[in-house]
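Engineer: To be precise about what I am sending: the file is called entry_10.json and holds JSON, C-alpha atoms.
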```json
[["chain", "number", "residue", "atom", "x", "y", "z"],
["A", 1, "MET", "CA", -43.21, 8.30, 20.92],
["A", 2, "ILE", "CA", -40.43, 6.53, 19.01],
["A", 3, "ALA", "CA", -40.73, 7.96, 15.49],
["A", 4, "SER", "CA", -37.81, 6.16, 13.86],
["A", 5, "VAL", "CA", -35.11, 3.60, 14.50],
["A", 6, "ARG", "CA", -31.72, 3.25, 12.84],
["A", 7, "GLY", "CA", -29.13, 0.70, 13.75],
["A", 8, "GLU", "CA", -27.62, -2.72, 13.18],
["A", 9, "VAL", "CA", -29.86, -5.75, 12.95],
["A", 10, "LEU", "CA", -28.94, -8.04, 15.85],
["A", 11, "SER", "CA", -31.34, -10.81, 14.90],
["A", 12, "ALA", "CA", -34.29, -11.33, 12.58],
["A", 13, "GLY", "CA", -37.25, -13.64, 12.11],
["A", 14, "ALA", "CA", -40.53, -13.89, 10.21],
["A", 15, "GLY", "CA", -42.11, -10.46, 10.63],
["A", 16, "TRP", "CA", -39.69, -9.04, 13.21],
["A", 17, "LEU", "CA", -36.24, -7.56, 13.69],
["A", 18, "VAL", "CA", -34.15, -6.76, 16.74],
["A", 19, "VAL", "CA", -32.32, -3.51, 16.06],
["A", 20, "GLY", "CA", -29.41, -2.36, 18.19],
["A", 21, "VAL", "CA", -29.75, 1.29, 19.20],
["A", 22, "GLY", "CA", -27.41, 2.84, 21.76],
["A", 23, "GLY", "CA", -26.60, -0.48, 23.37],
["A", 24, "VAL", "CA", -30.25, -1.52, 23.57],
["A", 25, "GLY", "CA", -31.88, -4.14, 21.34],
["A", 26, "LEU", "CA", -35.32, -3.02, 20.20],
["A", 27, "ARG", "CA", -37.71, -5.61, 18.82],
["A", 28, "VAL", "CA", -39.63, -4.16, 15.88],
["A", 29, "GLU", "CA", -42.58, -5.86, 14.21],
["A", 30, "VAL", "CA", -42.34, -5.36, 10.44],
["A", 31, "PRO", "CA", -44.31, -6.27, 7.31],
["A", 32, "GLY", "CA", -42.24, -9.29, 6.30],
["A", 33, "ALA", "CA", -42.81, -8.91, 2.56],
["A", 34, "ARG", "CA", -41.65, -5.26, 2.64],
["A", 35, "VAL", "CA", -38.77, -5.28, 5.13],
["A", 36, "SER", "CA", -36.07, -7.89, 4.73],
["A", 37, "ALA", "CA", -32.78, -7.68, 6.62],
["A", 38, "HIS", "CA", -30.20, -10.03, 8.07],
["A", 39, "ALA", "CA", -28.09, -9.87, 11.20],
["A", 40, "GLY", "CA", -25.21, -7.44, 10.77],
["A", 41, "GLU", "CA", -27.00, -5.20, 8.27],
["A", 42, "GLU", "CA", -28.01, -1.64, 9.12],
["A", 43, "VAL", "CA", -31.63, -0.61, 8.77],
["A", 44, "SER", "CA", -33.57, 2.62, 9.05],
["A", 45, "LEU", "CA", -37.26, 2.32, 9.86],
["A", 46, "HIS", "CA", -40.20, 4.66, 10.36],
["A", 47, "THR", "CA", -41.89, 3.46, 13.52],
["A", 48, "SER", "CA", -45.11, 3.58, 15.52],
["A", 49, "LEU", "CA", -45.24, 2.65, 19.21],
["A", 50, "VAL", "CA", -48.55, 1.02, 20.13],
["A", 51, "VAL", "CA", -49.27, 1.16, 23.86],
["A", 52, "ARG", "CA", -51.54, -1.37, 25.53],
["A", 53, "GLU", "CA", -52.21, -2.02, 29.21],
["A", 54, "ASP", "CA", -49.93, -5.05, 29.19],
["A", 55, "SER", "CA", -47.49, -4.29, 26.38],
["A", 56, "LEU", "CA", -45.49, -1.76, 24.38],
["A", 57, "THR", "CA", -45.09, -2.88, 20.76],
["A", 58, "LEU", "CA", -42.98, -1.13, 18.15],
["A", 59, "TYR", "CA", -44.01, -1.44, 14.50],
["A", 60, "GLY", "CA", -41.55, -0.46, 11.79],
["A", 61, "PHE", "CA", -41.85, 0.38, 8.09],
["A", 62, "ALA", "CA", -39.44, 1.06, 5.27],
["A", 63, "THR", "CA", -41.32, 4.14, 4.01],
["A", 64, "ALA", "CA", -43.26, 7.05, 5.45],
["A", 65, "ASP", "CA", -46.22, 6.11, 3.21],
["A", 66, "GLU", "CA", -46.46, 2.69, 4.86],
["A", 67, "LEU", "CA", -46.38, 4.29, 8.31],
["A", 68, "GLU", "CA", -49.12, 6.76, 7.31],
["A", 69, "VAL", "CA", -51.37, 4.03, 5.93],
["A", 70, "PHE", "CA", -50.76, 1.92, 9.05],
["A", 71, "GLY", "CA", -52.07, 4.77, 11.20],
["A", 72, "ILE", "CA", -55.13, 5.21, 8.97],
["A", 73, "LEU", "CA", -55.88, 1.48, 9.06],
["A", 74, "LEU", "CA", -55.88, 1.57, 12.87],
["A", 75, "GLY", "CA", -58.84, 3.94, 12.65],
["A", 76, "VAL", "CA", -61.00, 1.27, 10.96],
["A", 77, "SER", "CA", -63.45, -0.55, 13.24],
["A", 78, "GLY", "CA", -62.22, -4.04, 14.05],
["A", 79, "VAL", "CA", -58.69, -3.51, 12.73],
["A", 80, "GLY", "CA", -55.90, -3.78, 15.26],
["A", 81, "PRO", "CA", -52.14, -3.35, 14.83],
["A", 82, "ARG", "CA", -51.59, -6.98, 13.80],
["A", 83, "SER", "CA", -54.31, -6.84, 11.16],
["A", 84, "ALA", "CA", -53.03, -3.50, 9.86],
["A", 85, "LEU", "CA", -49.53, -4.95, 9.65],
["A", 86, "GLY", "CA", -50.94, -7.94, 7.77],
["A", 87, "VAL", "CA", -52.58, -5.65, 5.22],
["A", 88, "LEU", "CA", -49.28, -3.85, 4.63],
["A", 89, "THR", "CA", -47.50, -7.18, 4.30],
["A", 90, "GLU", "CA", -49.77, -8.19, 1.41],
["A", 91, "LEU", "CA", -50.46, -4.83, -0.24],
["A", 92, "THR", "CA", -48.49, -1.68, -1.03],
["A", 93, "PRO", "CA", -49.85, 1.75, 0.00],
["A", 94, "SER", "CA", -50.67, 2.36, -3.67],
["A", 95, "GLN", "CA", -52.68, -0.87, -3.93],
["A", 96, "ILE", "CA", -54.50, -0.11, -0.67],
["A", 97, "ALA", "CA", -55.39, 3.39, -1.88],
["A", 98, "GLN", "CA", -56.59, 2.02, -5.21],
["A", 99, "ALA", "CA", -58.83, -0.55, -3.53],
["A", 100, "ALA", "CA", -60.19, 2.05, -1.10],
["A", 101, "ALA", "CA", -60.94, 4.51, -3.91],
["A", 102, "GLY", "CA", -63.09, 1.88, -5.60],
["A", 103, "GLU", "CA", -64.48, 0.50, -2.31],
["A", 104, "ASP", "CA", -63.16, -2.87, -3.45],
["A", 105, "GLU", "CA", -62.85, -5.33, -0.58],
["A", 106, "LYS", "CA", -61.42, -8.21, -2.64],
["A", 107, "PRO", "CA", -57.72, -7.29, -2.13],
["A", 108, "PHE", "CA", -58.23, -7.14, 1.63],
["A", 109, "ARG", "CA", -59.78, -10.63, 1.70],
["A", 110, "LYS", "CA", -56.37, -12.01, 0.69],
["A", 111, "VAL", "CA", -54.90, -10.89, 4.01],
["A", 112, "SER", "CA", -54.55, -13.62, 6.61],
["A", 113, "GLY", "CA", -56.94, -13.00, 9.50],
["A", 114, "ILE", "CA", -59.15, -10.57, 7.58],
["A", 115, "GLY", "CA", -62.64, -11.94, 7.00],
["A", 116, "PRO", "CA", -65.22, -10.73, 4.44],
["A", 117, "LYS", "CA", -66.98, -8.42, 6.91],
["A", 118, "THR", "CA", -63.76, -6.72, 8.03],
["A", 119, "ALA", "CA", -62.53, -6.52, 4.45],
["A", 120, "LYS", "CA", -65.70, -4.67, 3.49],
["A", 121, "LEU", "CA", -65.36, -2.35, 6.49],
["A", 122, "ILE", "CA", -61.79, -1.49, 5.49],
["A", 123, "ALA", "CA", -62.80, -0.72, 1.90],
["A", 124, "VAL", "CA", -65.77, 1.42, 2.94],
["A", 125, "GLN", "CA", -64.16, 3.27, 5.84],
["A", 126, "LEU", "CA", -60.99, 4.10, 3.88],
["A", 127, "ALA", "CA", -62.97, 5.46, 0.92],
["A", 128, "GLY", "CA", -62.11, 9.12, 0.42],
["A", 129, "LYS", "CA", -59.20, 9.00, 2.89],
["A", 130, "LEU", "CA", -56.51, 7.74, 0.51],
["A", 131, "ASP", "CA", -55.81, 9.28, -2.90],
["A", 132, "PRO", "CA", -54.09, 6.75, -5.23],
["A", 133, "ARG", "CA", -52.16, 9.60, -6.87],
["A", 134, "MET", "CA", -50.45, 10.41, -3.57],
["A", 135, "PHE", "CA", -49.15, 6.89, -3.02],
["A", 136, "ALA", "CA", -47.93, 5.85, -6.48],
["A", 137, "ALA", "CA", -44.32, 4.67, -6.40],
["A", 138, "PRO", "CA", -41.77, 6.32, -8.72],
["A", 139, "GLY", "CA", -42.48, 5.13, -12.26],
["A", 140, "GLU", "CA", -45.83, 3.65, -11.22],
["A", 141, "PRO", "CA", -48.93, 5.35, -12.67],
["A", 142, "ALA", "CA", -51.69, 6.54, -10.35],
["A", 143, "GLY", "CA", -53.82, 3.66, -9.18],
["A", 144, "GLY", "CA", -51.03, 1.11, -8.98],
["A", 145, "MET", "CA", -51.43, -0.22, -12.54],
["A", 146, "PRO", "CA", -48.28, -1.52, -14.24],
["A", 147, "PRO", "CA", -46.82, 0.88, -16.82],
["A", 148, "GLN", "CA", -47.58, 0.11, -20.45],
["A", 149, "ALA", "CA", -45.81, 1.30, -23.53],
["A", 150, "GLY", "CA", -47.07, 3.92, -25.96],
["A", 151, "ASP", "CA", -50.05, 6.25, -26.10],
["A", 152, "ALA", "CA", -52.53, 3.37, -25.76],
["A", 153, "GLY", "CA", -50.89, 2.37, -22.48],
["A", 154, "SER", "CA", -51.23, 5.91, -21.13],
["A", 155, "THR", "CA", -54.92, 5.93, -22.03],
["A", 156, "VAL", "CA", -55.53, 2.58, -20.31],
["A", 157, "ASN", "CA", -53.70, 3.68, -17.17],
["A", 158, "VAL", "CA", -55.53, 7.01, -16.94],
["A", 159, "ASN", "CA", -58.88, 5.23, -17.46],
["A", 160, "ALA", "CA", -57.99, 2.85, -14.63],
["A", 161, "ALA", "CA", -56.96, 5.73, -12.36],
["A", 162, "LEU", "CA", -60.26, 7.53, -12.95],
["A", 163, "VAL", "CA", -62.24, 4.36, -12.24],
["A", 164, "GLY", "CA", -60.20, 3.96, -9.07],
["A", 165, "LEU", "CA", -61.25, 7.46, -8.02],
["A", 166, "GLY", "CA", -64.90, 6.43, -8.27],
["A", 167, "TYR", "CA", -65.94, 7.39, -11.80],
["A", 168, "ALA", "CA", -67.87, 4.96, -14.00],
["A", 169, "GLU", "CA", -65.85, 3.22, -16.72],
["A", 170, "ALA", "CA", -67.88, 4.74, -19.55],
["A", 171, "GLN", "CA", -67.63, 8.21, -18.00],
["A", 172, "ALA", "CA", -63.87, 7.85, -17.57],
["A", 173, "ALA", "CA", -63.36, 6.65, -21.15],
["A", 174, "GLU", "CA", -65.42, 9.52, -22.55],
["A", 175, "ALA", "CA", -63.48, 12.09, -20.51],
["A", 176, "VAL", "CA", -60.12, 10.72, -21.69],
["A", 177, "ARG", "CA", -61.27, 10.63, -25.32],
["A", 178, "SER", "CA", -62.63, 14.19, -25.12],
["A", 179, "ALA", "CA", -59.45, 15.43, -23.43],
["A", 180, "LEU", "CA", -57.30, 13.99, -26.22],
["A", 181, "GLU", "CA", -59.57, 15.51, -28.87],
["A", 182, "ALA", "CA", -59.25, 18.86, -27.11],
["A", 183, "GLY", "CA", -55.47, 18.72, -27.41],
["A", 184, "ALA", "CA", -54.47, 17.39, -24.00],
["A", 185, "SER", "CA", -50.97, 15.97, -23.57],
["A", 186, "ASP", "CA", -50.79, 12.20, -24.02],
["A", 187, "ASP", "CA", -48.43, 11.69, -21.07],
["A", 188, "GLU", "CA", -50.23, 10.12, -18.12],
["A", 189, "ALA", "CA", -49.95, 13.02, -15.68],
["A", 190, "GLY", "CA", -51.10, 15.64, -18.21],
["A", 191, "LEU", "CA", -53.90, 13.46, -19.54],
["A", 192, "LEU", "CA", -55.16, 12.67, -16.03],
["A", 193, "ARG", "CA", -55.26, 16.37, -15.11],
["A", 194, "ALA", "CA", -57.10, 17.24, -18.31],
["A", 195, "ALA", "CA", -59.64, 14.43, -17.93],
["A", 196, "LEU", "CA", -60.31, 15.38, -14.30],
["A", 197, "ALA", "CA", -60.78, 19.01, -15.35],
["A", 198, "LEU", "CA", -63.31, 17.90, -17.95],
["A", 199, "MET", "CA", -65.25, 15.78, -15.48],
["A", 200, "GLN", "CA", -65.37, 18.55, -12.91],
["A", 201, "ALA", "CA", -66.16, 21.42, -15.31],
["A", 202, "PRO", "CA", -69.60, 22.47, -16.63],
["A", 203, "ARG", "CA", -70.39, 20.60, -19.85],
["A", 204, "ALA", "CA", -70.41, 23.71, -22.05],
["A", 205, "GLY", "CA", -66.90, 24.64, -21.03],
["A", 206, "SER", "CA", -65.46, 21.15, -21.06],
["A", 207, "ARG", "CA", -63.10, 21.52, -24.02],
["A", 208, "SER", "CA", -61.57, 24.72, -22.72],
["A", 209, "ALA", "CA", -61.18, 23.07, -19.30],
["A", 210, "ALA", "CA", -59.29, 20.21, -20.93],
["A", 211, "ARG", "CA", -56.92, 22.60, -22.65],
["A", 212, "THR", "CA", -56.37, 24.37, -19.33],
["A", 213, "GLY", "CA", -55.59, 21.06, -17.62],
["A", 214, "ALA", "CA", -53.24, 20.04, -20.40],
["A", 215, "ALA", "CA", -51.35, 23.34, -20.24],
["A", 216, "ARG", "CA", -50.51, 23.00, -16.54]]
```
In structure tokens, what does this structure look like?

Structural biologist:
Amino acid sequence: MIASVRGEVLSAGAGWLVVGVGGVGLRVEVPGARVSAHAGEEVSLHTSLVVREDSLTLYGFATADELEVFGILLGVSGVGPRSALGVLTELTPSQIAQAAAGEDEKPFRKVSGIGPKTAKLIAVQLAGKLDPRMFAAPGEPAGGMPPQAGDAGSTVNVNAALVGLGYAEAQAAEAVRSALEAGASDDEAGLLRAALALMQAPRAGSRSAARTGAAR
């Protein structure tokens, strides 16, 4: 298994690079929208070697999250390496996790070569396997929503994150409101923990659960 590649880019094209490693040029298939490099530049990629009867194909990614999601996508019925690469070309790991959490196939329909049936399979089969909170980029709130200013923005983002995790909109809004009333922090991370604690705790002890979540 070739787990990573680091070296000078010898040549590049749409969706591929040839990377020089120890005197050997390795062709690496990459998500074009995520990996951009020109000849003479040095790159470092996380890689996955896919072995077929008639080929050995190396796929490379800029981040470990992309590599992890690539491997998970390969476990979906009807999704091969090319389709998985296409998904990661169009969507970030955070966006994929968000769509999977809500079993929303619409983002996957935008991917070239992915039809409605396969898009639905991806959304359903990835449900529960990807937590949006684990794939949020630095500065990006859970669920892949753009950051918004002020307390109202935090509330909107936390509501969206809860909906992405499978809760109903009304249920999410009520949990966030109750958490704030119970004294939860208004920063996104603290508010999300408190709201989740409320939703998972027995009703009678909900306010104390919110305070516990806010104090962490």

Engineer: What lies within 10 Å of stretch 168-174 of chain A using all atoms listed in the file, ignoring chain neighbours under 3 positions off, as an MDAnalysis selection string?

Structural biologist: chainID A and resid 155:156 158:165 177:180 195:196 198:199

Engineer: If you count only C-alpha atoms, which residues fall within 8 Å of A:Thr63, apart from same-chain ones fewer than 4 positions away, as a tab-separated table (two decimals) with C-alpha atoms, in the coordinates of the input?

Structural biologist:
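The new file result-v1.tsv reads:
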```
chain	number	residue	atom	x	y	z
A	45	LEU	CA	-37.26	2.32	9.86
A	46	HIS	CA	-40.20	4.66	10.36
A	67	LEU	CA	-46.38	4.29	8.31
```

Engineer: Quote the spacing between atom CA of A:Ser11 and atom CA of A:Val30 in Å to one decimal place.

Structural biologist: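 Value for the atom CA of A:Ser11-atom CA of A:Val30 distance: 13.1 Å.
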
Engineer: Is there a way to get, as a PyMOL selection string, all residues within 12 Å of the point (-52.5, 6.4, 12.3) in file coordinates, counting only C-alpha atoms?

Structural biologist: chain A and resi 47-50+59+64-76+79-81+84+129

Engineer: Please, what distance in Å, to one decimal, runs between atom CA of A:Lys110 and atom CA of A:Ala14?

Structural biologist: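 Atom CA of A:Lys110 sits 18.6 Å away from atom CA of A:Ala14.
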
Engineer: Return the single residue from A:Ser77, A:Pro107, A:Glu41, A:Gly20 that is closest to A:Glu90, with distances computed using all atoms listed in the file.

Structural biologist: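 Between A:Ser77, A:Pro107, A:Glu41, A:Gly20, the residue approaching A:Glu90 most closely is A:Pro107.
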
Engineer: Can you work out which one of A:Val124, A:Ala101, A:Leu192, A:Val28 has the shortest atom-to-atom distance to A:Leu85, counting all atoms listed in the file?

Structural biologist: A:Val28

Engineer: Choose the residue, out of A:Leu121, A:Ala189, A:Ala127, A:Val87, that has the smallest atom-to-atom separation from A:Asn157; count only C-alpha atoms.

Structural biologist: A:Ala189

Engineer: Using all atoms listed in the file, what residues lie at most 8 Å away from (-42.1, -6.9, 4.7) (file coordinates), given as a ChimeraX atom specification?

Structural biologist: /A:15,30-36,88-89

Engineer: Neighbours of A:Phe135 within 7 Å (only C-alpha atoms; same-chain residues fewer than 3 positions away dropped), as a PyMOL selection string?

Structural biologist: chain A and resi 65+93-94+132
